[in-house]
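A.B. asks: Pasting in a structure now, in structure tokens, and then I'll have a few things to ask.
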Amino acid sequence: MVVVYVTLIVNGRRTYNSVPMILKADVKADLEAMGFTVDDAGDVKTASAE
């Protein structure tokens with residue numbers, strides 16, 4: 001299910017805030033491994049290339 005939520009978030013079909021609490025840590029870890037950031041409000045953004 002983690003991969004499903006990550007894919008949906010990346011494609012703009014779901015938000016991080018819609019992820020069930022039990023999966024949030026794993027989804028966040030996968031998103032960060034892909035170069036995204038998740039802020040405290042649940043907004044997912046691409047990491048800046050610095």
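Quick note on naming: the chains in the structure tokens go A, B, ... in the order shown, residues restart at 1 in each chain, and ligands are numbered from 1 in order of appearance.
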Excluding region 10-13 of chain A and its own-chain neighbours fewer than 5 positions away, which residues fall within 9 Å of it when counting only C-alpha atoms? Please give them as a PDB file with N, CA, C and O atoms, in the first residue's frame.
C.D. replies:
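What landed in out.pdb:
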ATOM      1  N   TYR A   5       0.285   4.626  -2.412  1.00  0.00           N
ATOM      2  CA  TYR A   5       0.122   6.009  -1.949  1.00  0.00           C
ATOM      3  C   TYR A   5       1.225   6.912  -2.482  1.00  0.00           C
ATOM      4  O   TYR A   5       0.969   8.048  -2.883  1.00  0.00           O
ATOM      5  N   LEU A  31       9.028   8.921  -0.096  1.00  0.00           N
ATOM      6  CA  LEU A  31       9.016  10.188  -0.824  1.00  0.00           C
ATOM      7  C   LEU A  31      10.361  10.907  -0.682  1.00  0.00           C
ATOM      8  O   LEU A  31      10.904  11.421  -1.660  1.00  0.00           O
ATOM      9  N   VAL A  44       3.887  18.267  -0.073  1.00  0.00           N
ATOM     10  CA  VAL A  44       4.971  17.515  -0.697  1.00  0.00           C
ATOM     11  C   VAL A  44       5.548  18.372  -1.814  1.00  0.00           C
ATOM     12  O   VAL A  44       4.827  18.834  -2.687  1.00  0.00           O
TER      13      VAL A  44
END
A.B. asks: Which polymer residues have any atom within 8 Å of an atom of Lys45 (chain A), counting only C-alpha atoms, with same-chain residues fewer than 5 positions away left out, as number ranges by chain?
C.D. replies: A: 36-38
A.B. asks: How would the residues just chosen look if you wrote them out with all heavy atoms as a PDB file, in the first residue's frame?
C.D. replies:
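Once written, part_39.pdb looks like this:
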ATOM      1  N   PHE A  36      11.817  14.068  -2.686  1.00  0.00           N
ATOM      2  CA  PHE A  36      10.746  14.977  -2.293  1.00  0.00           C
ATOM      3  C   PHE A  36      10.909  15.351  -0.837  1.00  0.00           C
ATOM      4  O   PHE A  36      11.565  14.642  -0.074  1.00  0.00           O
ATOM      5  CB  PHE A  36       9.371  14.321  -2.496  1.00  0.00           C
ATOM      6  CG  PHE A  36       9.019  14.074  -3.929  1.00  0.00           C
ATOM      7  CD1 PHE A  36       9.339  12.872  -4.545  1.00  0.00           C
ATOM      8  CD2 PHE A  36       8.375  15.039  -4.678  1.00  0.00           C
ATOM      9  CE1 PHE A  36       9.021  12.635  -5.864  1.00  0.00           C
ATOM     10  CE2 PHE A  36       8.052  14.820  -6.010  1.00  0.00           C
ATOM     11  CZ  PHE A  36       8.376  13.615  -6.605  1.00  0.00           C
ATOM     12  N   THR A  37      10.292  16.457  -0.445  1.00  0.00           N
ATOM     13  CA  THR A  37      10.262  16.837   0.961  1.00  0.00           C
ATOM     14  C   THR A  37       8.807  16.934   1.397  1.00  0.00           C
ATOM     15  O   THR A  37       7.929  17.282   0.611  1.00  0.00           O
ATOM     16  CB  THR A  37      10.949  18.191   1.218  1.00  0.00           C
ATOM     17  OG1 THR A  37      10.317  19.192   0.433  1.00  0.00           O
ATOM     18  CG2 THR A  37      12.423  18.141   0.855  1.00  0.00           C
ATOM     19  N   VAL A  38       8.568  16.617   2.656  1.00  0.00           N
ATOM     20  CA  VAL A  38       7.235  16.723   3.236  1.00  0.00           C
ATOM     21  C   VAL A  38       7.357  17.649   4.436  1.00  0.00           C
ATOM     22  O   VAL A  38       8.080  17.360   5.381  1.00  0.00           O
ATOM     23  CB  VAL A  38       6.702  15.346   3.689  1.00  0.00           C
ATOM     24  CG1 VAL A  38       5.304  15.484   4.280  1.00  0.00           C
ATOM     25  CG2 VAL A  38       6.704  14.355   2.538  1.00  0.00           C
TER      26      VAL A  38
END
A.B. asks: Write out as a PyMOL selection string all residues of chain A that DSSP puts in alpha helix (DSSP H) for this structure's backbone.
C.D. replies: chain A and resi 2-10+21-33
A.B. asks: If you keep C-alpha atoms, can you produce a file of those selected residues as a tab-separated table (two decimals), in the first residue's frame?
C.D. replies:
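out-v1.tsv, freshly written:
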chain	number	residue	atom	x	y	z
A	2	VAL	CA	2.93	2.34	0.61
A	3	VAL	CA	3.94	2.19	-3.05
A	4	VAL	CA	0.36	2.89	-4.11
A	5	TYR	CA	0.12	6.01	-1.95
A	6	VAL	CA	3.55	7.24	-3.04
A	7	THR	CA	2.58	6.82	-6.69
A	8	LEU	CA	-0.74	8.60	-6.18
A	9	ILE	CA	0.94	11.50	-4.36
A	10	VAL	CA	3.67	11.89	-6.97
A	21	MET	CA	-1.70	7.37	9.96
A	22	ILE	CA	-0.26	3.84	10.11
A	23	LEU	CA	1.40	4.30	6.69
A	24	LYS	CA	2.55	7.94	6.96
A	25	ALA	CA	6.08	7.27	8.22
A	26	ASP	CA	6.80	4.74	5.46
A	27	VAL	CA	5.25	6.92	2.75
A	28	LYS	CA	7.26	9.93	3.95
A	29	ALA	CA	10.48	7.88	3.96
A	30	ASP	CA	9.86	6.69	0.40
A	31	LEU	CA	9.02	10.19	-0.82
A	32	GLU	CA	12.19	11.58	0.75
A	33	ALA	CA	14.25	8.78	-0.80
A.B. asks: Going by DSSP on the backbone, which residues of chain A come out as strand (DSSP E)? List them as a PyMOL selection string.
C.D. replies: chain A and resi 36-38+44-46
